[in-house]
>>> print(open('query_21.txt').read())   # compact mmCIF, C-alpha atoms and all ligand atoms
# COMPACT_ATOMS: atom_id res chain seq x y z
CA MET T 1 -65.75 10.09 -13.02
CA GLU T 2 -65.71 7.95 -11.88
CA ALA T 3 -64.00 7.66 -8.56
CA THR T 4 -64.53 3.94 -8.90
CA GLN T 5 -62.64 3.91 -12.22
CA PHE T 6 -59.75 5.74 -10.59
CA LEU T 7 -59.66 3.30 -7.70
CA ALA T 8 -59.90 0.38 -10.11
CA ILE T 9 -56.78 1.37 -12.02
CA GLN T 10 -54.80 1.88 -8.80
CA THR T 11 -54.63 -1.84 -8.27
CA GLU T 12 -53.39 -2.54 -11.79
CA THR T 13 -50.06 -1.94 -13.41
CA TYR T 14 -50.91 1.50 -14.63
CA LYS T 15 -48.31 4.05 -15.66
CA LEU T 16 -48.24 7.67 -14.61
CA GLY T 17 -46.85 10.53 -16.72
CA PHE T 18 -46.16 14.18 -15.92
CA ILE T 19 -46.39 16.89 -18.56
CA GLY T 20 -44.22 19.53 -16.92
CA ALA T 21 -41.21 18.31 -14.92
CA GLY T 22 -41.39 21.03 -12.28
CA LYS T 23 -41.24 21.18 -8.51
CA MET T 24 -44.82 20.05 -7.89
CA ALA T 25 -44.53 17.11 -10.29
CA GLU T 26 -41.30 16.10 -8.57
CA SER T 27 -43.01 16.22 -5.15
CA ILE T 28 -45.91 14.01 -6.29
CA ALA T 29 -43.65 11.56 -8.12
CA LYS T 30 -41.26 11.31 -5.19
CA GLY T 31 -44.08 10.70 -2.71
CA ALA T 32 -45.62 8.02 -4.93
CA ALA T 33 -42.31 6.27 -5.64
CA GLN T 34 -40.71 6.47 -2.23
CA SER T 35 -43.86 5.33 -0.37
CA GLY T 36 -44.00 2.26 -2.61
CA PHE T 37 -47.41 3.34 -3.95
CA LEU T 38 -46.10 3.29 -7.52
CA PRO T 39 -42.68 1.97 -8.59
CA ALA T 40 -40.57 4.77 -10.08
CA PRO T 41 -39.99 2.97 -13.43
CA ARG T 42 -43.75 3.26 -14.04
CA ILE T 43 -43.52 7.03 -13.80
CA SER T 44 -42.32 9.18 -16.69
CA THR T 45 -41.85 12.78 -17.69
CA SER T 46 -39.99 14.82 -20.29
CA ILE T 47 -37.79 17.89 -20.03
CA HIS T 48 -38.88 21.18 -21.54
CA SER T 49 -35.73 23.35 -21.39
CA ASN T 50 -33.93 23.01 -18.06
CA PRO T 51 -31.48 20.06 -18.00
CA ALA T 52 -31.29 20.14 -14.19
CA ARG T 53 -34.85 18.82 -14.11
CA ARG T 54 -33.67 15.58 -15.75
CA VAL T 55 -31.24 14.96 -12.90
CA ALA T 56 -33.94 15.74 -10.32
CA PHE T 57 -36.29 13.06 -11.70
CA GLU T 58 -33.70 10.45 -12.68
CA SER T 59 -32.18 10.63 -9.19
CA PHE T 60 -35.11 8.62 -7.81
CA GLY T 61 -35.69 6.41 -10.84
CA VAL T 62 -38.32 8.21 -12.94
CA LYS T 63 -38.04 7.63 -16.69
CA VAL T 64 -37.27 10.77 -18.67
CA LEU T 65 -38.61 10.50 -22.23
CA PRO T 66 -37.70 12.72 -25.20
CA GLN T 67 -41.01 14.58 -25.66
CA ASN T 68 -44.41 15.30 -24.12
CA ARG T 69 -46.10 13.06 -26.64
CA ASN T 70 -43.95 10.08 -25.62
CA VAL T 71 -45.09 10.62 -22.03
CA VAL T 72 -48.76 10.60 -23.06
CA GLU T 73 -48.32 7.51 -25.23
CA GLU T 74 -46.60 5.70 -22.36
CA SER T 75 -49.13 6.63 -19.64
CA ASP T 76 -52.57 5.56 -18.41
CA VAL T 77 -52.79 8.56 -16.08
CA VAL T 78 -51.45 11.89 -17.37
CA ILE T 79 -50.90 14.75 -14.93
CA PHE T 80 -50.64 18.23 -16.46
CA SER T 81 -48.18 19.95 -14.15
CA VAL T 82 -47.22 22.94 -16.27
CA LYS T 83 -47.96 26.55 -15.27
CA PRO T 84 -51.55 27.80 -15.64
CA GLN T 85 -50.39 30.24 -18.34
CA VAL T 86 -49.34 27.41 -20.69
CA VAL T 87 -51.69 24.56 -19.83
CA ARG T 88 -54.19 25.46 -22.57
CA ASP T 89 -51.61 25.33 -25.36
CA VAL T 90 -50.05 22.13 -24.03
CA VAL T 91 -53.41 20.31 -23.77
CA LEU T 92 -54.47 21.51 -27.24
CA GLU T 93 -51.18 20.39 -28.77
CA LEU T 94 -51.51 16.90 -27.26
CA ARG T 95 -55.26 16.61 -27.88
CA PRO T 96 -55.05 13.95 -30.64
CA LEU T 97 -53.26 11.64 -28.20
CA LEU T 98 -55.52 12.32 -25.21
CA THR T 99 -57.81 9.38 -25.81
CA LYS T 100 -60.59 8.55 -23.39
CA ASP T 101 -58.84 5.46 -22.07
CA LYS T 102 -56.40 7.80 -20.29
CA LEU T 103 -57.32 9.54 -17.06
CA LEU T 104 -56.27 13.18 -17.35
CA VAL T 105 -55.44 15.25 -14.28
CA SER T 106 -54.62 18.94 -14.01
CA ILE T 107 -52.95 20.51 -11.00
CA ALA T 108 -52.75 23.98 -12.59
CA ALA T 109 -53.97 26.67 -10.20
CA GLY T 110 -56.97 28.68 -11.38
CA THR T 111 -57.68 26.53 -14.44
CA LYS T 112 -61.30 25.40 -14.60
CA LEU T 113 -62.33 21.86 -15.29
CA LYS T 114 -64.85 22.82 -17.96
CA ASP T 115 -62.05 24.53 -19.95
CA LEU T 116 -59.68 21.60 -19.50
CA GLN T 117 -62.35 19.15 -20.68
CA GLU T 118 -63.15 21.34 -23.67
CA TRP T 119 -59.47 21.59 -24.69
CA ALA T 120 -58.99 17.82 -24.34
CA GLY T 121 -62.22 17.02 -26.17
CA HIS T 122 -63.56 14.73 -23.44
CA SER T 123 -64.59 14.76 -19.82
CA ARG T 124 -62.31 12.11 -18.33
CA PHE T 125 -60.34 14.95 -16.81
CA ILE T 126 -60.12 15.72 -13.11
CA ARG T 127 -58.63 18.60 -11.18
CA VAL T 128 -56.47 18.40 -8.07
CA VAL T 129 -54.95 21.03 -5.79
CA PRO T 130 -51.94 19.26 -4.26
CA ASN T 131 -49.13 20.68 -2.19
CA THR T 132 -45.41 19.97 -1.99
CA PRO T 133 -45.51 17.97 1.27
CA SER T 134 -46.72 15.14 -0.98
CA ALA T 135 -42.99 14.46 -1.40
CA VAL T 136 -42.96 13.04 2.14
CA GLY T 137 -46.46 11.57 2.17
CA GLU T 138 -47.99 14.54 4.02
CA ALA T 139 -49.98 16.21 1.24
CA ALA T 140 -53.22 18.08 1.66
CA SER T 141 -54.84 17.36 -1.72
CA VAL T 142 -58.31 18.36 -2.84
CA MET T 143 -59.93 16.84 -5.94
CA CYS T 144 -62.76 17.84 -8.21
CA LEU T 145 -63.87 14.74 -10.08
CA GLY T 146 -66.32 16.12 -12.60
CA GLY T 147 -67.72 19.16 -14.37
CA ALA T 148 -70.98 18.79 -12.43
CA ALA T 149 -69.20 18.97 -9.07
CA THR T 150 -70.17 22.16 -7.27
CA ASP T 151 -67.14 22.21 -4.97
CA GLU T 152 -64.87 23.62 -7.69
CA LYS T 153 -65.95 27.13 -6.62
CA LEU T 154 -63.89 26.58 -3.46
CA PHE T 155 -60.70 25.88 -5.41
CA ASP T 156 -59.27 29.41 -5.49
CA ALA T 157 -59.49 29.58 -1.70
CA ILE T 158 -58.00 26.09 -1.41
CA VAL T 159 -55.06 27.09 -3.64
CA GLY T 160 -54.54 30.15 -1.39
CA LEU T 161 -54.61 28.05 1.76
CA SER T 162 -53.21 24.54 1.32
CA GLY T 163 -51.61 25.00 -2.14
CA SER T 164 -49.55 28.08 -1.29
CA GLY T 165 -49.64 27.68 2.49
CA PRO T 166 -46.55 25.48 2.86
CA ALA T 167 -44.46 28.46 1.69
CA TYR T 168 -45.89 30.62 4.50
CA ILE T 169 -44.95 27.96 7.05
CA TYR T 170 -41.41 27.62 5.62
CA LEU T 171 -41.07 31.39 5.89
CA ALA T 172 -42.10 31.12 9.54
CA ILE T 173 -39.60 28.30 10.16
CA GLU T 174 -36.82 30.36 8.58
CA ALA T 175 -37.82 33.39 10.65
CA LEU T 176 -37.90 31.31 13.85
CA ALA T 177 -34.38 30.10 13.08
CA ASP T 178 -33.27 33.69 12.45
CA GLY T 179 -34.75 34.60 15.82
CA GLY T 180 -32.79 31.77 17.44
CA VAL T 181 -29.59 33.03 15.83
CA ALA T 182 -30.40 36.57 16.98
CA ALA T 183 -30.82 35.19 20.51
CA GLY T 184 -27.40 33.50 20.31
CA LEU T 185 -27.88 29.99 18.88
CA PRO T 186 -25.56 28.56 16.21
CA ARG T 187 -27.35 28.61 12.81
CA GLU T 188 -27.48 24.83 12.33
CA LEU T 189 -28.93 24.22 15.79
CA ALA T 190 -31.46 27.03 15.34
CA MET T 191 -32.58 25.61 11.96
CA GLY T 192 -32.90 22.08 13.35
CA LEU T 193 -34.97 23.27 16.33
CA ALA T 194 -37.16 25.52 14.20
CA SER T 195 -37.87 22.70 11.71
CA GLN T 196 -38.70 20.29 14.52
CA THR T 197 -41.13 22.71 16.17
CA GLY T 198 -43.86 20.57 14.65
CA SER T 199 -46.94 22.53 15.54
CA ALA T 200 -48.94 21.78 12.38
CA PHE T 201 -48.44 18.07 13.00
CA MET T 202 -49.81 18.45 16.57
CA ALA T 203 -52.91 20.22 15.30
CA SER T 204 -53.78 17.47 12.82
CA LYS T 205 -52.79 14.53 15.06
CA THR T 206 -54.46 15.63 18.29
CA GLY T 207 -57.53 17.22 16.71
CA LYS T 208 -57.29 19.92 19.39
CA HIS T 209 -58.25 23.47 18.47
CA PRO T 210 -55.08 25.49 17.74
CA GLY T 211 -56.18 28.01 20.38
CA GLN T 212 -56.11 25.22 22.97
CA LEU T 213 -52.69 24.04 21.77
CA LYS T 214 -51.43 27.62 22.01
CA ASP T 215 -52.82 27.95 25.55
CA ASP T 216 -51.05 24.70 26.53
CA VAL T 217 -47.71 26.24 25.51
CA ALA T 218 -48.18 29.61 27.18
CA SER T 219 -47.44 29.39 30.93
CA PRO T 220 -48.83 32.22 33.05
CA GLY T 221 -46.39 35.13 33.14
CA GLY T 222 -43.99 33.05 31.02
CA THR T 223 -41.92 33.31 27.89
CA THR T 224 -44.51 32.27 25.28
CA ILE T 225 -47.07 34.88 26.14
CA ALA T 226 -44.31 37.50 25.91
CA GLY T 227 -43.54 36.25 22.38
CA ILE T 228 -47.23 36.09 21.42
CA HIS T 229 -47.69 39.67 22.56
CA GLU T 230 -45.01 40.75 20.05
CA LEU T 231 -46.66 38.70 17.27
CA GLU T 232 -50.06 40.27 17.96
CA LYS T 233 -48.53 43.76 17.97
CA GLY T 234 -47.03 42.94 14.55
CA GLY T 235 -50.40 41.86 13.13
CA PHE T 236 -49.30 38.24 12.68
CA ARG T 237 -52.76 36.69 12.32
CA GLY T 238 -54.11 39.43 10.07
CA THR T 239 -51.02 39.19 7.89
CA LEU T 240 -51.43 35.42 7.46
CA MET T 241 -55.13 35.85 6.65
CA ASN T 242 -54.22 38.49 4.07
CA ALA T 243 -51.67 36.12 2.53
CA VAL T 244 -54.33 33.45 1.94
CA ILE T 245 -56.78 36.03 0.57
CA ALA T 246 -54.12 37.47 -1.80
CA ALA T 247 -53.18 34.02 -3.12
CA ALA T 248 -56.85 33.09 -3.65
CA LYS T 249 -57.36 36.37 -5.53
CA ARG T 250 -54.35 35.58 -7.74
CA SER T 251 -55.79 32.13 -8.45
CA ARG T 252 -59.08 33.78 -9.54
CA GLU T 253 -57.14 36.18 -11.77
CA LEU T 254 -55.34 33.24 -13.42
CA SER T 255 -58.69 31.60 -14.19
CA GLN T 256 -59.80 34.75 -16.01
CA SER T 257 -56.65 35.40 -18.05
N1 LIG C 301 -45.51 24.30 -6.50
C1 LIG C 301 -46.60 24.05 -5.77
O1 LIG C 301 -46.54 23.95 -4.52
C2 LIG C 301 -47.94 23.86 -6.42
C3 LIG C 301 -48.08 23.99 -7.78
N2 LIG C 301 -49.33 23.82 -8.36
C4 LIG C 301 -49.46 23.94 -9.81
O2 LIG C 301 -48.53 23.05 -10.42
C5 LIG C 301 -48.11 23.57 -11.68
C6 LIG C 301 -46.58 23.55 -11.74
O3 LIG C 301 -46.09 24.37 -10.71
P1 LIG C 301 -44.56 24.25 -10.28
O4 LIG C 301 -44.14 22.84 -10.31
O5 LIG C 301 -44.45 25.04 -9.03
O6 LIG C 301 -43.88 25.07 -11.45
P2 LIG C 301 -42.48 24.79 -12.19
O7 LIG C 301 -42.16 26.02 -12.93
O8 LIG C 301 -41.50 24.24 -11.21
O9 LIG C 301 -42.86 23.61 -13.20
C7 LIG C 301 -43.42 23.80 -14.46
C8 LIG C 301 -42.63 22.94 -15.42
O10 LIG C 301 -43.29 22.93 -16.68
C9 LIG C 301 -42.27 22.94 -17.68
N3 LIG C 301 -42.84 23.39 -18.95
C10 LIG C 301 -43.05 24.64 -19.41
N4 LIG C 301 -43.59 24.61 -20.64
C11 LIG C 301 -43.72 23.30 -20.98
C12 LIG C 301 -44.20 22.61 -22.13
N5 LIG C 301 -44.66 23.26 -23.20
N6 LIG C 301 -44.16 21.27 -22.10
C13 LIG C 301 -43.69 20.59 -21.04
N7 LIG C 301 -43.22 21.18 -19.92
C14 LIG C 301 -43.24 22.52 -19.90
C15 LIG C 301 -41.23 23.88 -17.13
O11 LIG C 301 -40.00 23.67 -17.79
P3 LIG C 301 -38.96 24.89 -18.06
O12 LIG C 301 -38.69 25.51 -16.72
O13 LIG C 301 -37.81 24.18 -18.64
O14 LIG C 301 -39.66 25.83 -18.99
C16 LIG C 301 -41.21 23.44 -15.66
O15 LIG C 301 -40.31 22.38 -15.44
C17 LIG C 301 -48.67 24.98 -11.79
O16 LIG C 301 -49.79 24.95 -12.64
C18 LIG C 301 -49.12 25.32 -10.37
O17 LIG C 301 -50.24 26.16 -10.35
C19 LIG C 301 -50.43 23.49 -7.63
C20 LIG C 301 -50.35 23.35 -6.29
C21 LIG C 301 -49.10 23.52 -5.56
O1 LIG C 302 -47.41 29.60 -6.57
C1 LIG C 302 -48.22 29.03 -7.31
O2 LIG C 302 -48.79 29.65 -8.22
C2 LIG C 302 -48.49 27.57 -7.11
C3 LIG C 302 -49.95 27.28 -6.92
C4 LIG C 302 -50.08 26.93 -5.46
C5 LIG C 302 -48.72 26.80 -5.00
N1 LIG C 302 -47.85 27.11 -5.92
>>> encode(input="query_21.txt", output="structure tokens")
Amino acid sequence: MEATQFLAIQTETYKLGFIGAGKMAESIAKGAAQSGFLPAPRISTSIHSNPARRVAFESFGVKVLPQNRNVVEESDVVIFSVKPQVVRDVVLELRPLLTKDKLLVSIAAGTKLKDLQEWAGHSRFIRVVPNTPSAVGEAASVMCLGGAATDEKLFDAIVGLSGSGPAYIYLAIEALADGGVAAGLPRELAMGLASQTGSAFMASKTGKHPGQLKDDVASPGGTTIAGIHELEKGGFRGTLMNAVIAAAKRSRELSQS
């Protein structure tokens, strides 16, 4: 596939369905609907067991249908957004409905394209590693468009970095706010300032090396270098590297289970 096919259907009135109404599906659907890329009434999903997920999707206009099969029947593009541990059973169960006129997409971590295509019975299946900032149009998404694509071997590392990475940054934001509170700021002010300390945005917008951006912040004999010294003593960089490596390892384990 067929990138051209995918682009071709973007301009039409295609419908998008999510099998698995979880947090990642909600982020993608919200980003698509709220950016105007795809009107919410052309997006559907169904609820597995948690009624709160219905409210989450209906709150921004997504159609909630009774069952997975209704979502497939309704959709031109079907995104499998269930956990890796159940994606096989869900694809196999829906297989009779997964006709080749539908573009199938899996976002399940550690689930190989060749397996997905085998379970569906055809190769019009692509794999994407998204991340939750898609909800606000700031996703880092990586796609593998075909079984012959050699870049799929990078996917475990990509899951560990950009798939799981937002959680590491949110942890850092929360910790920065805690530090602000410890230094005497009211909680709300500390949280607002920590969230607005938009360093990742600077790195992507300026194209400057993060080391340069860090040097620009750290005045000689100043406050920042005192803080950085503490971070280095605590093994900050090594810990972040280990987090990415651990998540990539977990993604590899999921592909073997
Ligand atoms: N969250 C993220 O940032 C990212 C997630 N992913 C991938 O996205 C997928 C979903 O992750 P996430 O959204 O975090 O997980 P969630 O647990 O939030 O979502 C999974 C959803 O699937 C539903 N579900 C379970 N079984 C079925 C079934 N048989 N039929 C239909 N729906 C079912 C669950 O419903 P219930 O709870 O009622 O059982 C739940 O709502 C995973 O494969 C993950 O690897 C990839 C990149 C980033
Ligand atoms: O935690 C997980 O398994 C998923 C995959 C990447 C981000 N969230």
>>> closest_atom_pairs(input="query_21.txt", of="chain T", to="ligand LIG 302 (chain C)", cutoff="7 Å", atoms="only C-alpha atoms and all ligand atoms", output="JSON lines")
{"residue": "T:Ala109", "atom": "CA", "partner": "C:LIG302", "partner_atom": "C3", "distance": 5.2}
{"residue": "T:Asn131", "atom": "CA", "partner": "C:LIG302", "partner_atom": "C5", "distance": 6.7}
{"residue": "T:Val159", "atom": "CA", "partner": "C:LIG302", "partner_atom": "C4", "distance": 5.3}
{"residue": "T:Gly160", "atom": "CA", "partner": "C:LIG302", "partner_atom": "C4", "distance": 6.8}
{"residue": "T:Gly163", "atom": "CA", "partner": "C:LIG302", "partner_atom": "C4", "distance": 4.1}
{"residue": "T:Ser164", "atom": "CA", "partner": "C:LIG302", "partner_atom": "C5", "distance": 4.0}
>>> atom_distance(input="query_21.txt", atom1="atom CA of T:Val129", atom2="atom CA of T:Lys23")
14.0 Å
>>> closest_atom_pairs(input="query_21.txt", of="chain T", to="ligand LIG 301 (chain C)", cutoff="6 Å", atoms="all atoms listed in the file", output="JSON lines")
{"residue": "T:Ile19", "atom": "CA", "partner": "C:LIG301", "partner_atom": "C13", "distance": 5.2}
{"residue": "T:Gly20", "atom": "CA", "partner": "C:LIG301", "partner_atom": "O10", "distance": 3.5}
{"residue": "T:Ala21", "atom": "CA", "partner": "C:LIG301", "partner_atom": "O15", "distance": 4.2}
{"residue": "T:Gly22", "atom": "CA", "partner": "C:LIG301", "partner_atom": "O9", "distance": 3.1}
{"residue": "T:Lys23", "atom": "CA", "partner": "C:LIG301", "partner_atom": "O4", "distance": 3.8}
{"residue": "T:Met24", "atom": "CA", "partner": "C:LIG301", "partner_atom": "O4", "distance": 3.8}
{"residue": "T:Ala25", "atom": "CA", "partner": "C:LIG301", "partner_atom": "O4", "distance": 5.7}
{"residue": "T:His48", "atom": "CA", "partner": "C:LIG301", "partner_atom": "O13", "distance": 4.3}
{"residue": "T:Ser49", "atom": "CA", "partner": "C:LIG301", "partner_atom": "O13", "distance": 3.5}
{"residue": "T:Asn50", "atom": "CA", "partner": "C:LIG301", "partner_atom": "O13", "distance": 4.1}
{"residue": "T:Ser81", "atom": "CA", "partner": "C:LIG301", "partner_atom": "C5", "distance": 4.4}
{"residue": "T:Val82", "atom": "CA", "partner": "C:LIG301", "partner_atom": "O10", "distance": 4.0}
{"residue": "T:Lys83", "atom": "CA", "partner": "C:LIG301", "partner_atom": "O16", "distance": 3.6}
{"residue": "T:Pro84", "atom": "CA", "partner": "C:LIG301", "partner_atom": "O16", "distance": 4.5}
{"residue": "T:Val90", "atom": "CA", "partner": "C:LIG301", "partner_atom": "N5", "distance": 5.6}
{"residue": "T:Ile107", "atom": "CA", "partner": "C:LIG301", "partner_atom": "C4", "distance": 5.0}
{"residue": "T:Ala108", "atom": "CA", "partner": "C:LIG301", "partner_atom": "O16", "distance": 3.1}
{"residue": "T:Ala109", "atom": "CA", "partner": "C:LIG301", "partner_atom": "O17", "distance": 3.8}
{"residue": "T:Val129", "atom": "CA", "partner": "C:LIG301", "partner_atom": "C20", "distance": 5.2}
{"residue": "T:Pro130", "atom": "CA", "partner": "C:LIG301", "partner_atom": "C20", "distance": 4.8}
{"residue": "T:Asn131", "atom": "CA", "partner": "C:LIG301", "partner_atom": "C21", "distance": 4.4}
{"residue": "T:Thr132", "atom": "CA", "partner": "C:LIG301", "partner_atom": "O1", "distance": 4.8}
{"residue": "T:Gly163", "atom": "CA", "partner": "C:LIG301", "partner_atom": "C21", "distance": 4.5}
>>> atom_distance(input="query_21.txt", atom1="atom CA of T:Thr197", atom2="atom CA of T:Phe60")
28.5 Å
>>> residues_near_point(input="query_21.txt", point="(-64.8, 24.5, -18.6)", cutoff="12 Å", atoms="only C-alpha atoms", output="compact mmCIF listing (two decimals) with C-alpha atoms, keeping the file's coordinate frame")
# COMPACT_ATOMS: atom_id res chain seq x y z
CA ARG T 88 -54.19 25.46 -22.57
CA GLY T 110 -56.97 28.68 -11.38
CA THR T 111 -57.68 26.53 -14.44
CA LYS T 112 -61.30 25.40 -14.60
CA LEU T 113 -62.33 21.86 -15.29
CA LYS T 114 -64.85 22.82 -17.96
CA ASP T 115 -62.05 24.53 -19.95
CA LEU T 116 -59.68 21.60 -19.50
CA GLN T 117 -62.35 19.15 -20.68
CA GLU T 118 -63.15 21.34 -23.67
CA TRP T 119 -59.47 21.59 -24.69
CA ALA T 120 -58.99 17.82 -24.34
CA GLY T 121 -62.22 17.02 -26.17
CA HIS T 122 -63.56 14.73 -23.44
CA SER T 123 -64.59 14.76 -19.82
CA PHE T 125 -60.34 14.95 -16.81
CA ILE T 126 -60.12 15.72 -13.11
CA ARG T 127 -58.63 18.60 -11.18
CA GLY T 146 -66.32 16.12 -12.60
CA GLY T 147 -67.72 19.16 -14.37
CA ALA T 148 -70.98 18.79 -12.43
CA ALA T 149 -69.20 18.97 -9.07
CA GLU T 152 -64.87 23.62 -7.69
CA SER T 255 -58.69 31.60 -14.19
CA GLN T 256 -59.80 34.75 -16.01
>>> residues_around(input="query_21.txt", residues="stretch 172-189 of chain T", least_positions_apart="6", cutoff="12 Å", atoms="only C-alpha atoms", output="number ranges by chain")
T: 165-166, 195-200, 227, 231, 236, 240
>>> closest_residue(input="query_21.txt", among="T:Gly61, T:Gly17, T:Pro51, T:Pro66", to="T:Phe80", atoms="only C-alpha atoms")
T:Gly17
>>> atom_distance(input="query_21.txt", atom1="atom CA of T:Val62", atom2="atom CA of T:Thr45")
7.5 Å
>>> residues_near_point(input="query_21.txt", point="(-49.8, 16.8, 0.4)", cutoff="10 Å", atoms="all atoms listed in the file", output="PDB file with C-alpha atoms, in the coordinates of the input")
ATOM      1  CA  SER T  27     -43.010  16.220  -5.150  1.00  0.00           C
ATOM      2  CA  ILE T  28     -45.910  14.010  -6.290  1.00  0.00           C
ATOM      3  CA  GLY T  31     -44.080  10.700  -2.710  1.00  0.00           C
ATOM      4  CA  VAL T 129     -54.950  21.030  -5.790  1.00  0.00           C
ATOM      5  CA  PRO T 130     -51.940  19.260  -4.260  1.00  0.00           C
ATOM      6  CA  ASN T 131     -49.130  20.680  -2.190  1.00  0.00           C
ATOM      7  CA  THR T 132     -45.410  19.970  -1.990  1.00  0.00           C
ATOM      8  CA  PRO T 133     -45.510  17.970   1.270  1.00  0.00           C
ATOM      9  CA  SER T 134     -46.720  15.140  -0.980  1.00  0.00           C
ATOM     10  CA  ALA T 135     -42.990  14.460  -1.400  1.00  0.00           C
ATOM     11  CA  VAL T 136     -42.960  13.040   2.140  1.00  0.00           C
ATOM     12  CA  GLY T 137     -46.460  11.570   2.170  1.00  0.00           C
ATOM     13  CA  GLU T 138     -47.990  14.540   4.020  1.00  0.00           C
ATOM     14  CA  ALA T 139     -49.980  16.210   1.240  1.00  0.00           C
ATOM     15  CA  ALA T 140     -53.220  18.080   1.660  1.00  0.00           C
ATOM     16  CA  SER T 141     -54.840  17.360  -1.720  1.00  0.00           C
ATOM     17  CA  VAL T 142     -58.310  18.360  -2.840  1.00  0.00           C
ATOM     18  CA  SER T 162     -53.210  24.540   1.320  1.00  0.00           C
ATOM     19  CA  GLY T 163     -51.610  25.000  -2.140  1.00  0.00           C
ATOM     20  CA  PRO T 166     -46.550  25.480   2.860  1.00  0.00           C
TER      21      PRO T 166
END
>>> closest_residue(input="query_21.txt", among="T:Arg53, T:Lys208, T:Lys102, T:His229", to="T:Tyr14", atoms="only C-alpha atoms")
T:Lys102
>>> closest_residue(input="query_21.txt", among="T:Gln85, T:Glu74, T:Lys63, T:Arg54", to="T:Ala33", atoms="all atoms listed in the file")
T:Lys63
>>> residues_around(input="query_21.txt", residues="T:Ile245", least_positions_apart="2", cutoff="12 Å", atoms="all atoms listed in the file", output="list in words")
Asp156, Ala157, Ile158, Val159, Gly160, Leu161, Ser164, Gly165, Gly238, Thr239, Leu240, Met241, Asn242, Ala243, Ala247, Ala248, Lys249, Arg250, Ser251 and Arg252 of chain T
>>> closest_residue(input="query_21.txt", among="T:Ser106, T:Phe18, T:His209, T:Arg237", to="T:Gln67", atoms="all atoms listed in the file")
T:Phe18
